[in-house]
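What's in coords_28.cif: mmCIF, C-alpha atoms
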data_my_file
loop_
_atom_site.label_atom_id
_atom_site.label_comp_id
_atom_site.auth_asym_id
_atom_site.auth_seq_id
_atom_site.Cartn_x
_atom_site.Cartn_y
_atom_site.Cartn_z
CA MET R 669 20.53 11.55 21.44
CA SER R 670 18.41 12.15 24.53
CA ARG R 671 15.93 9.80 26.06
CA THR R 672 12.66 11.58 26.74
CA SER R 673 10.36 8.69 27.62
CA PRO R 674 10.24 4.89 27.52
CA HIS R 675 8.50 5.17 24.14
CA ARG R 676 10.20 7.86 22.11
CA TYR R 677 13.73 8.93 21.27
CA VAL R 678 14.11 12.42 19.85
CA PRO R 679 17.29 13.16 17.85
CA ASN R 680 19.48 16.13 18.71
CA SER R 681 17.55 16.76 21.94
CA GLU R 682 14.99 18.77 19.99
CA LEU R 683 11.45 18.44 21.30
CA SER R 684 8.48 20.02 19.64
CA ARG R 685 5.74 21.53 21.77
CA ARG R 686 3.54 18.62 20.77
CA GLY R 687 6.24 16.04 21.39
CA LEU R 688 6.82 17.34 24.90
CA LEU R 689 3.13 17.17 25.69
CA ARG R 690 2.92 13.62 24.38
CA THR R 691 6.04 12.19 25.95
CA ALA R 692 6.87 14.05 29.13
CA GLY R 693 3.60 13.48 30.94
CA GLY R 694 0.60 15.74 31.05
CA LEU R 695 1.22 17.55 34.33
CA THR R 696 4.89 18.21 33.74
CA ALA R 697 4.21 19.44 30.22
CA ALA R 698 1.37 21.61 31.42
CA LEU R 699 3.63 23.27 33.99
CA ALA R 700 6.35 23.79 31.41
CA LEU R 701 4.17 25.17 28.65
CA GLY R 702 1.12 26.56 30.37
CA ALA R 703 -1.92 24.51 31.27
CA ALA R 704 -4.10 26.31 28.76
CA SER R 705 -2.10 24.88 25.89
CA VAL R 706 -2.58 21.23 26.77
CA ALA R 707 -6.13 20.77 25.53
CA THR R 708 -5.49 22.48 22.22
CA THR R 709 -2.13 20.95 21.29
CA ALA R 710 -2.05 17.45 22.74
CA GLU R 711 -3.98 15.93 19.83
CA ALA R 712 -2.83 18.29 17.09
CA ALA R 713 -0.32 17.82 14.31
CA PRO R 714 3.19 19.05 15.09
CA ALA R 715 3.73 22.78 14.81
CA THR R 716 6.87 21.92 12.84
CA PHE R 717 7.12 18.62 11.00
CA THR R 718 10.28 16.54 11.30
CA HIS R 719 12.07 15.87 7.99
CA PRO R 720 12.92 13.27 6.95
CA GLY R 721 9.96 12.02 8.90
CA MET R 722 8.05 9.13 7.39
CA LEU R 723 9.20 5.53 7.29
CA HIS R 724 12.78 6.68 7.84
CA ALA R 725 13.81 9.45 10.18
CA TYR R 726 17.36 10.73 10.63
CA GLY R 727 18.30 8.21 13.31
CA GLU R 728 17.38 5.15 11.23
CA LEU R 729 19.10 6.51 8.14
CA ASN R 730 22.28 7.40 10.00
CA ARG R 731 22.42 4.03 11.77
CA ALA R 732 22.13 2.15 8.48
CA LYS R 733 24.81 4.35 6.93
CA VAL R 734 27.28 3.78 9.75
CA ARG R 735 26.61 0.06 10.14
CA VAL R 736 26.78 -0.73 6.44
CA ALA R 737 30.04 1.18 6.12
CA ALA R 738 31.42 -0.87 9.01
CA GLY R 739 30.29 -4.11 7.39
CA ASP R 740 28.15 -5.08 10.38
CA ASP R 741 25.34 -7.61 10.14
CA PRO R 742 22.39 -7.73 9.81
CA TRP R 743 22.65 -4.30 8.15
CA ARG R 744 25.19 -5.52 5.62
CA SER R 745 23.06 -8.50 4.60
CA GLY R 746 20.07 -6.16 4.23
CA TRP R 747 22.20 -3.83 2.11
CA ASN R 748 23.24 -6.71 -0.11
CA ARG R 749 19.57 -7.53 -0.76
CA LEU R 750 18.99 -3.92 -1.76
CA THR R 751 21.93 -3.66 -4.15
CA ALA R 752 21.06 -7.02 -5.73
CA ASN R 753 17.57 -5.79 -6.64
CA SER R 754 17.38 -4.56 -10.22
CA HIS R 755 15.07 -1.71 -9.18
CA SER R 756 17.94 -0.16 -7.22
CA ALA R 757 20.15 0.24 -10.30
CA SER R 758 21.04 3.85 -11.11
CA THR R 759 20.45 3.07 -14.79
CA TRP R 760 16.70 2.59 -14.23
CA THR R 761 14.70 4.45 -16.89
CA PRO R 762 11.29 5.77 -15.80
CA ASN R 763 8.20 5.29 -17.94
CA PRO R 764 5.76 7.98 -16.76
CA GLN R 765 2.13 7.87 -17.83
CA ALA R 766 -0.51 10.59 -17.86
CA THR R 767 -3.17 8.17 -16.65
CA ILE R 768 -2.75 5.12 -14.43
CA ILE R 769 -5.50 2.49 -14.53
CA ARG R 770 -5.99 -0.19 -11.87
CA GLY R 771 -9.08 -2.35 -12.32
CA GLY R 772 -11.07 -2.78 -15.52
CA THR R 773 -9.97 -2.24 -19.10
CA GLY R 774 -6.50 -1.00 -20.00
CA GLU R 775 -4.72 -1.69 -16.71
CA ASN R 776 -1.19 -0.26 -16.66
CA TYR R 777 -0.55 0.26 -12.96
CA GLY R 778 2.41 -2.13 -12.95
CA ILE R 779 4.38 0.61 -14.70
CA LEU R 780 3.76 2.91 -11.75
CA TYR R 781 4.63 0.55 -8.92
CA ASN R 782 7.82 -0.58 -10.62
CA ASP R 783 8.96 3.02 -11.05
CA ILE R 784 8.01 3.93 -7.47
CA HIS R 785 10.04 1.06 -6.05
CA ALA R 786 12.95 2.03 -8.28
CA ALA R 787 12.77 5.60 -6.97
CA TYR R 788 12.59 4.40 -3.38
CA GLN R 789 15.42 1.88 -3.70
CA ASN R 790 17.68 4.36 -5.44
CA ALA R 791 16.85 6.91 -2.73
CA LEU R 792 17.88 4.40 -0.05
CA ARG R 793 21.17 3.73 -1.83
CA TRP R 794 21.80 7.47 -1.98
CA LYS R 795 20.99 7.94 1.70
CA VAL R 796 23.02 4.96 2.92
CA ALA R 797 26.04 5.03 0.60
CA GLY R 798 26.01 8.58 -0.72
CA THR R 799 26.20 7.47 -4.35
CA THR R 800 25.24 10.44 -6.50
CA ALA R 801 24.27 8.23 -9.44
CA ASN R 802 21.51 6.68 -7.30
CA GLY R 803 20.34 10.04 -6.02
CA ASP R 804 20.18 11.34 -9.57
CA ALA R 805 18.20 8.26 -10.63
CA ALA R 806 15.65 8.70 -7.84
CA VAL R 807 15.13 12.35 -8.76
CA ARG R 808 14.90 11.52 -12.46
CA ILE R 809 12.05 9.09 -11.74
CA LEU R 810 10.20 11.41 -9.35
CA ASN R 811 10.47 14.41 -11.68
CA ALA R 812 9.34 12.40 -14.69
CA TRP R 813 6.13 11.36 -12.99
CA SER R 814 5.32 14.72 -11.42
CA SER R 815 5.56 16.31 -14.88
CA THR R 816 3.32 13.69 -16.49
CA LEU R 817 0.76 12.01 -14.22
CA THR R 818 -2.66 13.67 -14.11
CA SER R 819 -5.08 10.91 -13.05
CA VAL R 820 -5.48 7.53 -11.38
CA THR R 821 -8.59 5.69 -12.50
CA GLY R 822 -10.19 2.27 -13.06
CA ASN R 823 -12.88 0.40 -11.15
CA ALA R 824 -12.97 0.33 -7.33
CA ASP R 825 -9.36 -0.81 -7.38
CA ARG R 826 -8.36 2.75 -8.25
CA PHE R 827 -8.67 3.49 -4.54
CA LEU R 828 -6.13 0.78 -3.76
CA ALA R 829 -3.77 2.32 -6.31
CA ALA R 830 -4.25 5.82 -4.91
CA GLY R 831 -3.58 4.55 -1.39
CA ILE R 832 -0.71 2.11 -1.80
CA TYR R 833 1.19 4.04 -4.44
CA GLY R 834 0.36 7.39 -2.88
CA TYR R 835 2.10 6.67 0.41
CA GLN R 836 4.98 4.85 -1.28
CA PHE R 837 5.57 7.72 -3.72
CA ALA R 838 5.52 10.24 -0.88
CA ASN R 839 8.11 8.21 1.05
CA ALA R 840 10.49 8.19 -1.91
CA ALA R 841 10.06 11.94 -2.30
CA GLU R 842 10.63 12.56 1.41
CA LEU R 843 14.02 10.86 1.17
CA MET R 844 15.02 13.13 -1.72
CA ARG R 845 13.83 16.37 -0.11
CA GLY R 846 16.48 19.02 -0.66
CA TYR R 847 18.36 17.11 -3.36
CA SER R 848 19.64 19.30 -6.17
CA GLY R 849 17.30 19.24 -9.15
CA PHE R 850 14.36 17.64 -7.38
CA ASN R 851 11.20 19.61 -8.10
CA LEU R 852 9.56 19.07 -4.73
CA ASP R 853 6.88 21.70 -5.23
CA ARG R 854 5.67 20.09 -8.45
CA PHE R 855 5.73 16.68 -6.79
CA LYS R 856 3.63 17.99 -3.89
CA THR R 857 1.13 19.37 -6.40
CA MET R 858 0.81 15.93 -7.99
CA MET R 859 0.24 14.30 -4.61
CA LEU R 860 -2.38 16.90 -3.64
CA ASN R 861 -4.22 16.90 -6.97
CA VAL R 862 -3.99 13.28 -8.12
CA PHE R 863 -3.71 11.08 -5.01
CA TYR R 864 -5.27 12.94 -2.08
CA PRO R 865 -8.72 13.49 -3.63
CA LEU R 866 -9.15 9.74 -4.15
CA ASN R 867 -7.82 8.94 -0.67
CA ASN R 868 -10.21 11.43 0.88
CA GLN R 869 -13.14 10.30 -1.26
CA PHE R 870 -12.66 6.69 -0.23
CA LEU R 871 -12.49 7.32 3.51
CA ASN R 872 -15.54 9.57 3.34
CA SER R 873 -17.81 7.51 1.07
CA HIS R 874 -16.26 4.03 0.65
CA ASN R 875 -17.24 3.97 -3.02
CA ASP R 876 -20.89 4.38 -1.97
CA ALA R 877 -20.88 0.97 -0.31
CA CYS R 878 -21.80 -0.19 3.19
CA ILE R 879 -19.23 1.24 5.62
CA THR R 880 -17.96 -2.24 6.50
CA ASN R 881 -17.91 -3.58 2.93
CA TYR R 882 -14.23 -2.92 2.30
CA TRP R 883 -11.49 -4.80 4.14
CA ALA R 884 -9.16 -3.06 6.58
CA ASN R 885 -6.38 -2.77 4.02
CA TRP R 886 -8.48 -0.53 1.78
CA ASP R 887 -8.85 2.02 4.54
CA LEU R 888 -5.29 1.61 5.76
CA CYS R 889 -3.57 2.29 2.45
CA ASN R 890 -5.63 5.46 1.97
CA MET R 891 -4.93 6.50 5.57
CA ASN R 892 -1.23 5.95 4.88
CA SER R 893 -1.36 8.11 1.79
CA ILE R 894 -3.11 10.97 3.58
CA LEU R 895 -0.66 10.77 6.49
CA ALA R 896 2.33 10.73 4.16
CA ILE R 897 0.98 13.60 2.05
CA GLY R 898 0.37 15.58 5.24
CA ILE R 899 3.98 15.11 6.29
CA LEU R 900 5.43 15.73 2.82
CA CYS R 901 3.41 18.94 2.43
CA ASP R 902 3.67 20.11 6.07
CA ASP R 903 -0.13 19.98 6.14
CA GLY R 904 -1.35 19.57 9.70
CA ALA R 905 -5.00 19.17 8.73
CA LYS R 906 -4.26 16.14 6.57
CA TYR R 907 -1.99 14.64 9.19
CA ASP R 908 -4.73 15.02 11.78
CA GLN R 909 -7.33 13.60 9.40
CA ALA R 910 -5.35 10.37 9.09
CA VAL R 911 -4.50 10.02 12.80
CA ASN R 912 -8.05 10.79 13.88
CA TYR R 913 -9.33 8.15 11.49
CA PHE R 914 -6.92 5.61 12.97
CA LYS R 915 -8.34 6.33 16.42
CA ASN R 916 -12.03 6.89 15.67
CA GLY R 917 -12.79 6.25 11.99
CA ALA R 918 -16.02 4.62 10.86
CA GLY R 919 -14.42 2.11 8.50
CA ASN R 920 -12.35 -1.01 9.03
CA GLY R 921 -9.00 0.78 9.06
CA ALA R 922 -9.70 2.32 12.45
CA ILE R 923 -7.77 0.43 15.12
CA ARG R 924 -10.74 -1.06 16.97
CA LYS R 925 -12.35 -2.14 13.69
CA ALA R 926 -9.14 -3.56 12.23
CA VAL R 927 -8.55 -5.41 15.50
CA PRO R 928 -12.09 -6.29 16.63
CA PHE R 929 -11.37 -8.91 19.31
CA VAL R 930 -8.68 -8.88 21.99
CA TYR R 931 -7.59 -11.93 24.01
CA ASP R 932 -5.73 -10.17 26.78
CA SER R 933 -5.00 -13.30 28.78
CA GLN R 934 -3.01 -14.60 25.80
CA GLY R 935 -1.54 -11.30 24.67
CA LEU R 936 -3.23 -11.75 21.28
CA ALA R 937 -5.87 -9.98 19.20
CA GLN R 938 -7.77 -11.03 16.08
CA TRP R 939 -7.21 -9.15 12.82
CA GLN R 940 -10.22 -8.12 10.74
CA GLU R 941 -9.13 -10.12 7.68
CA SER R 942 -8.03 -13.27 9.53
CA GLY R 943 -11.07 -15.20 8.31
CA ARG R 944 -10.39 -14.09 4.73
CA ASP R 945 -6.82 -15.25 4.03
CA GLN R 946 -3.32 -14.84 5.41
CA GLY R 947 -1.83 -12.94 2.48
CA HIS R 948 -4.13 -9.96 3.00
CA THR R 949 -3.76 -10.32 6.75
CA MET R 950 0.02 -9.97 6.43
CA MET R 951 -0.52 -7.05 4.09
CA GLY R 952 -2.42 -5.47 6.97
CA MET R 953 0.59 -5.91 9.24
CA GLY R 954 2.65 -4.00 6.71
CA GLN R 955 0.05 -1.29 6.18
CA MET R 956 -0.61 -0.60 9.86
CA GLY R 957 3.08 -0.96 10.67
CA ALA R 958 3.88 1.72 8.08
CA PHE R 959 1.19 4.00 9.50
CA CYS R 960 2.50 3.65 13.04
CA GLU R 961 6.11 4.18 11.97
CA MET R 962 5.32 7.36 10.03
CA ALA R 963 3.43 8.75 13.03
CA TRP R 964 6.28 7.70 15.33
CA SER R 965 8.70 9.74 13.22
CA GLN R 966 6.52 12.75 14.03
CA GLY R 967 6.50 12.04 17.77
CA GLU R 968 3.24 10.09 18.03
CA ASP R 969 3.06 6.59 19.52
CA LEU R 970 0.29 4.72 17.72
CA TYR R 971 2.19 1.45 18.00
CA GLY R 972 1.19 1.40 21.66
CA TYR R 973 -2.26 2.95 21.25
CA ASP R 974 -5.14 1.34 23.15
CA ASN R 975 -2.91 -0.82 25.33
CA ASN R 976 -0.75 -2.16 22.48
CA ARG R 977 -3.75 -3.33 20.50
CA PHE R 978 -1.82 -3.54 17.23
CA MET R 979 1.05 -5.41 18.87
CA LYS R 980 -1.36 -8.10 20.08
CA ALA R 981 -2.80 -8.43 16.57
CA ALA R 982 0.67 -8.80 15.07
CA GLN R 983 1.50 -11.47 17.65
CA TYR R 984 -1.71 -13.27 16.68
CA VAL R 985 -0.99 -13.16 12.96
CA ALA R 986 2.61 -14.23 13.47
CA LYS R 987 1.69 -17.11 15.78
CA TYR R 988 -0.84 -18.54 13.34
CA ASN R 989 1.51 -18.21 10.39
CA LEU R 990 4.23 -19.99 12.34
CA GLY R 991 1.92 -23.01 12.35
CA GLU R 992 0.46 -22.64 15.83
CA SER R 993 -3.18 -22.38 16.87
CA VAL R 994 -4.93 -19.17 17.87
CA PRO R 995 -8.43 -18.37 19.15
CA PHE R 996 -11.06 -17.11 16.71
CA THR R 997 -14.28 -15.25 17.41
CA THR R 998 -17.06 -15.32 14.79
CA TYR R 999 -16.81 -12.14 12.76
CA THR R 1000 -19.88 -10.64 11.08
CA TRP R 1001 -20.02 -7.61 8.82
CA GLY R 1002 -22.27 -5.82 6.35
CA SER R 1003 -21.39 -6.01 2.66
CA GLY R 1004 -22.38 -4.42 -0.64
CA GLN R 1005 -24.56 -1.34 -0.79
CA ASN R 1006 -27.34 -2.79 1.36
CA CYS R 1007 -25.09 -4.12 4.14
CA ALA R 1008 -25.99 -7.77 3.50
CA GLN R 1009 -24.64 -9.80 6.40
CA GLN R 1010 -21.54 -11.94 5.91
CA THR R 1011 -19.83 -14.13 8.50
CA HIS R 1012 -16.46 -15.74 9.12
CA THR R 1013 -16.70 -18.60 11.61
CA ALA R 1014 -13.07 -19.79 11.46
CA ILE R 1015 -9.65 -18.47 10.68
CA SER R 1016 -8.58 -18.99 7.07
CA SER R 1017 -5.57 -21.15 6.26
CA ALA R 1018 -5.32 -19.75 2.71
CA GLY R 1019 -1.84 -18.37 2.18
CA ARG R 1020 -0.69 -19.50 5.61
CA GLY R 1021 3.04 -19.09 6.19
CA GLN R 1022 3.77 -16.96 3.14
CA VAL R 1023 6.70 -14.58 3.21
CA ARG R 1024 6.20 -10.81 3.22
CA PRO R 1025 8.70 -8.13 4.28
CA VAL R 1026 6.55 -6.75 7.09
CA TRP R 1027 8.08 -8.19 10.25
CA ASP R 1028 11.38 -6.46 11.00
CA ILE R 1029 9.76 -3.05 11.36
CA LEU R 1030 7.53 -4.58 14.07
CA HIS R 1031 10.21 -6.69 15.75
CA TYR R 1032 12.68 -3.85 16.06
CA HIS R 1033 10.05 -1.47 17.38
CA TYR R 1034 8.45 -3.68 20.00
CA ALA R 1035 11.43 -5.82 21.00
CA ARG R 1036 14.25 -3.26 20.72
CA ARG R 1037 12.83 0.24 21.02
CA ARG R 1038 10.30 -0.80 23.62
CA GLY R 1039 12.00 -3.84 25.13
CA LEU R 1040 8.81 -5.90 25.04
CA SER R 1041 8.56 -9.65 24.65
CA VAL R 1042 7.02 -10.41 21.26
CA PRO R 1043 8.21 -13.96 20.61
CA TYR R 1044 5.99 -14.71 17.62
CA ILE R 1045 6.80 -11.44 15.84
CA THR R 1046 10.47 -12.07 16.53
CA ARG R 1047 10.36 -15.61 15.16
CA MET R 1048 8.57 -14.44 12.02
CA ALA R 1049 11.13 -11.68 11.53
CA GLU R 1050 13.98 -14.15 11.90
CA SER R 1051 12.40 -16.43 9.30
CA VAL R 1052 12.22 -13.66 6.69
CA ARG R 1053 15.49 -11.83 7.43
CA PRO R 1054 17.19 -10.23 5.60
CA GLU R 1055 14.15 -8.56 4.11
CA GLY R 1056 14.07 -7.54 0.48
CA GLY R 1057 11.65 -5.23 -1.26
CA GLY R 1058 9.64 -4.76 -4.44
CA GLY R 1059 10.82 -7.24 -7.04
CA ASP R 1060 11.97 -9.82 -4.48
CA TYR R 1061 8.53 -11.29 -3.75
CA GLY R 1062 7.05 -11.94 -7.16
CA SER R 1063 6.18 -9.80 -10.15
CA THR R 1064 2.50 -9.22 -9.37
CA SER R 1065 1.16 -6.29 -7.36
CA GLY R 1066 1.17 -8.18 -4.05
CA GLY R 1067 4.94 -8.30 -4.18
CA TYR R 1068 5.00 -4.50 -4.25
CA ASP R 1069 2.50 -3.78 -1.47
CA GLN R 1070 5.37 -3.06 0.95
CA LEU R 1071 8.48 -1.00 0.32
CA GLY R 1072 10.44 -3.53 2.39
CA PHE R 1073 14.12 -3.57 3.43
CA GLY R 1074 13.21 -3.57 7.12
CA THR R 1075 16.39 -5.40 8.12
CA LEU R 1076 18.62 -2.72 6.61
CA MET R 1077 16.57 0.22 7.86
CA TYR R 1078 15.31 -0.82 11.30
CA ALA R 1079 17.87 -3.20 12.81
CA LYS R 1080 19.03 -2.03 16.24
#
Before we go any further, please render this structure as structure tokens.
Amino acid sequence: MSRTSPHRYVPNSELSRRGLLRTAGGLTAALALGAASVATTAEAAPATFTHPGMLHAYGELNRAKVRVAAGDDPWRSGWNRLTANSHSASTWTPNPQATIIRGGTGENYGILYNDIHAAYQNALRWKVAGTTANGDAAVRILNAWSSTLTSVTGNADRFLAAGIYGYQFANAAELMRGYSGFNLDRFKTMMLNVFYPLNNQFLNSHNDACITNYWANWDLCNMNSILAIGILCDDGAKYDQAVNYFKNGAGNGAIRKAVPFVYDSQGLAQWQESGRDQGHTMMGMGQMGAFCEMAWSQGEDLYGYDNNRFMKAAQYVAKYNLGESVPFTTYTWGSGQNCAQQTHTAISSAGRGQVRPVWDILHYHYARRRGLSVPYITRMAESVRPEGGGGDYGSTSGGYDQLGFGTLMYAK
């Protein structure tokens, strides 16, 4: 494993053209590759996508495999949480539906998120322990849905379903890429025809509402789905669509909208939903953390984008949820279809201190990969560790908003 920059490790010493431009420094890369190529490739999707290359790249998967086999903690304790979860059982029977409804009459989306988490957890068990029964179970679930699902619908919440379950589904499929019997092409078709159109529609029109009406998480989950679909399908245009939205999008998922106020002297930054409640704010940590990790697996450092803006927001959220005080700047936004003004004048204590499996991915990136001091993130991670996943944090949808198992998969 070769070190190519303070921010990025590239397995097997293989650097893509894009990765070299991003990590080796502009002048050096320009000399190596030809100055004319810099402007056209520096902000483009990779010429060749890394696989597996979403929430878990080869290095993370191999580390977990080796450490669990050796019985080392905290990997072993994270593994024990995974194997204790009923979703990870190889006997899981999928229940595919032609239509998934979230919001309004006839809701059945719980069927989908339970099956997705079962596919993901079985895929992890296959990758870490090599148990064929779990690999077969993951493929059985993925194939059942790709042969059945034709639409995701409901009220506005259908966009949440398309976003959250889209990126989670794609991550399970990415882990099973190349597994005997997995119909990857049919699965890609489902992602492109059922999930992507809703993701794209939401980011472009926001359900015909004021651009700031929807909270950051609505944008972020749809950005995650587009990014994951881009990687799964080796589709550079979709990958770029998601990354460009992160950097310059009009809605609240864009980094400067999701993190509107920075307190540099304190190393903190206010999250867009902080005046709403802490449950959705922590969901945002998980959603943006997932986005940054998937991009990182493709050689792009969004964790550190705009002078570590996301890191400062995560420190802010962690500090407040540890029971300490943080600054708050009045936040005003337009709502509804006519952009009626709404205002938060104070941080919300609703849901303060709740447990969500969103912290180890951030702790191990900032504190271990980058060697930065993130004391509040670290303390939050320690308070949740070992992290579980879907099924460990309640039976309602909020308990399935993150795939989880950060201790097992990210410990370093």
- Item | Atom-to-atom span, CA of Ala1079 (chain R) and CA of Glu968 (chain R), Å | 20.4 Å
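For the file shown, the residue list from the PyMOL selection byres ((chain R and resi 931) around 10) reads Phe929, Val930, Asp932, Ser933, Gln934, Gly935, Leu936, Ala937, Gln938, Lys980, Ala981, Tyr984, Val994, Pro995, Phe996 and Thr997 of chain R.
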- Query: Any idea what's packed within 9 Å of Val911 (chain R), counting all atoms listed in the file, ignoring anything in its chain fewer than 2 positions away? Could you give it as number ranges by chain?
  - Reply: R: 713, 891, 895, 906-909, 913-916, 959, 963, 970
Centre and edges of the region 859-878 of chain R box, axis-aligned, 5 Å extra per side, as AutoDock Vina command-line options:
--center_x -10.8 --center_y 8.4 --center_z -2.3 --size_x 32.0 --size_y 27.1 --size_z 21.6
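Distance-wise, CA of Val862 (chain R) and CA of Ser756 (chain R) end up 25.7 Å apart.
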- Message: Env of Gly798 (chain R): 12 Å cut, atoms = only C-alpha atoms, seq-sep filter 3 positions within chain, self excluded. Answer as number ranges by chain.
- Response: R: 729-730, 732-734, 736-737, 790-795, 801-804, 844, 847
- Task: Would you mind reading off the distance between CA of Thr1000 (chain R) and CA of His1012 (chain R), one decimal, in Å?
- Result: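 We find that CA of Thr1000 (chain R) and CA of His1012 (chain R) lie 6.4 Å from each other.
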- Message: Counting all atoms listed in the file, I want the residues whose atoms come within 9 Å of (5.0, 11.5, -15.2) in the file frame, returned as a ChimeraX atom specification.
- Response: /R:762-767,809-818
Can you write out the residues you just picked, keeping C-alpha atoms, as a tab-separated table (two decimals), in the coordinates of the input?
chain	number	residue	atom	x	y	z
R	762	PRO	CA	11.29	5.77	-15.80
R	763	ASN	CA	8.20	5.29	-17.94
R	764	PRO	CA	5.76	7.98	-16.76
R	765	GLN	CA	2.13	7.87	-17.83
R	766	ALA	CA	-0.51	10.59	-17.86
R	767	THR	CA	-3.17	8.17	-16.65
R	809	ILE	CA	12.05	9.09	-11.74
R	810	LEU	CA	10.20	11.41	-9.35
R	811	ASN	CA	10.47	14.41	-11.68
R	812	ALA	CA	9.34	12.40	-14.69
R	813	TRP	CA	6.13	11.36	-12.99
R	814	SER	CA	5.32	14.72	-11.42
R	815	SER	CA	5.56	16.31	-14.88
R	816	THR	CA	3.32	13.69	-16.49
R	817	LEU	CA	0.76	12.01	-14.22
R	818	THR	CA	-2.66	13.67	-14.11
- Surrounding residues of Met962 (chain R) excluding itself and chain neighbours under 6 positions, 7 Å, only C-alpha atoms, as a ChimeraX atom specification: /R:721-723
- For Arg1036 (chain R), please output as JSON, numbers by chain all residues within 12 Å (counting only C-alpha atoms; exclusion window: fewer than 2 positions along the same chain). {"R": [674, 675, 676, 1028, 1029, 1030, 1031, 1032, 1033, 1034, 1038, 1039, 1040, 1041, 1042, 1046, 1078, 1079, 1080]}
Take the residues from that selection and put them in a file with C-alpha atoms, as a PDB file, in the coordinates of the input.
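What landed in again-v9.pdb:
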ATOM      1  CA  PRO R 674      10.240   4.890  27.520  1.00  0.00           C
ATOM      2  CA  HIS R 675       8.500   5.170  24.140  1.00  0.00           C
ATOM      3  CA  ARG R 676      10.200   7.860  22.110  1.00  0.00           C
ATOM      4  CA  ASP R1028      11.380  -6.460  11.000  1.00  0.00           C
ATOM      5  CA  ILE R1029       9.760  -3.050  11.360  1.00  0.00           C
ATOM      6  CA  LEU R1030       7.530  -4.580  14.070  1.00  0.00           C
ATOM      7  CA  HIS R1031      10.210  -6.690  15.750  1.00  0.00           C
ATOM      8  CA  TYR R1032      12.680  -3.850  16.060  1.00  0.00           C
ATOM      9  CA  HIS R1033      10.050  -1.470  17.380  1.00  0.00           C
ATOM     10  CA  TYR R1034       8.450  -3.680  20.000  1.00  0.00           C
ATOM     11  CA  ARG R1038      10.300  -0.800  23.620  1.00  0.00           C
ATOM     12  CA  GLY R1039      12.000  -3.840  25.130  1.00  0.00           C
ATOM     13  CA  LEU R1040       8.810  -5.900  25.040  1.00  0.00           C
ATOM     14  CA  SER R1041       8.560  -9.650  24.650  1.00  0.00           C
ATOM     15  CA  VAL R1042       7.020 -10.410  21.260  1.00  0.00           C
ATOM     16  CA  THR R1046      10.470 -12.070  16.530  1.00  0.00           C
ATOM     17  CA  TYR R1078      15.310  -0.820  11.300  1.00  0.00           C
ATOM     18  CA  ALA R1079      17.870  -3.200  12.810  1.00  0.00           C
ATOM     19  CA  LYS R1080      19.030  -2.030  16.240  1.00  0.00           C
TER      20      LYS R1080
END
- Task: Go through R:Ile779, R:His755, R:Asn861, R:Gly771 and flag the residue nearest Ala805 (chain R), using all atoms listed in the file for the distances.
- Result: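 With all atoms listed in the file as the atom set, the closest residue is R:His755.
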If you apply the PyMOL selection byres ((chain R and resi 1015) around 12) to this file, what residues do you get, as a compact mmCIF listing (two decimals) with C-alpha atoms, keeping the file's coordinate frame?
# COMPACT_ATOMS: atom_id res chain seq x y z
CA GLN R 938 -7.77 -11.03 16.08
CA TRP R 939 -7.21 -9.15 12.82
CA GLN R 940 -10.22 -8.12 10.74
CA GLU R 941 -9.13 -10.12 7.68
CA SER R 942 -8.03 -13.27 9.53
CA GLY R 943 -11.07 -15.20 8.31
CA ARG R 944 -10.39 -14.09 4.73
CA ASP R 945 -6.82 -15.25 4.03
CA GLN R 946 -3.32 -14.84 5.41
CA THR R 949 -3.76 -10.32 6.75
CA TYR R 984 -1.71 -13.27 16.68
CA VAL R 985 -0.99 -13.16 12.96
CA TYR R 988 -0.84 -18.54 13.34
CA ASN R 989 1.51 -18.21 10.39
CA SER R 993 -3.18 -22.38 16.87
CA VAL R 994 -4.93 -19.17 17.87
CA PRO R 995 -8.43 -18.37 19.15
CA PHE R 996 -11.06 -17.11 16.71
CA THR R 997 -14.28 -15.25 17.41
CA THR R 998 -17.06 -15.32 14.79
CA TYR R 999 -16.81 -12.14 12.76
CA THR R 1011 -19.83 -14.13 8.50
CA HIS R 1012 -16.46 -15.74 9.12
CA THR R 1013 -16.70 -18.60 11.61
CA ALA R 1014 -13.07 -19.79 11.46
CA SER R 1016 -8.58 -18.99 7.07
CA SER R 1017 -5.57 -21.15 6.26
CA ALA R 1018 -5.32 -19.75 2.71
CA GLY R 1019 -1.84 -18.37 2.18
CA ARG R 1020 -0.69 -19.50 5.61
- Please provide the set of residues having any atom within 12 Å of Pro720 (chain R), restricted to all atoms listed in the file, with same-chain residues fewer than 6 positions apart removed, written as a list in words. Pro679, Tyr726, Gly727, Glu728, Leu729, Asn730, Lys795, Ala838, Asn839, Ala840, Ala841, Glu842, Leu843, Met844, Arg845, Gly846, Ala896, Ile899, Leu900, Cys901, Asp902, Met962, Ser965 and Gln966 of chain R
- Task: Carefully work through the PyMOL selection byres ((chain R and resi 827) around 12) for this structure and note down the residues it includes, as a ChimeraX atom specification.
- Result: /R:768-771,819-826,828-834,862-871,873-875,882,885-891,893
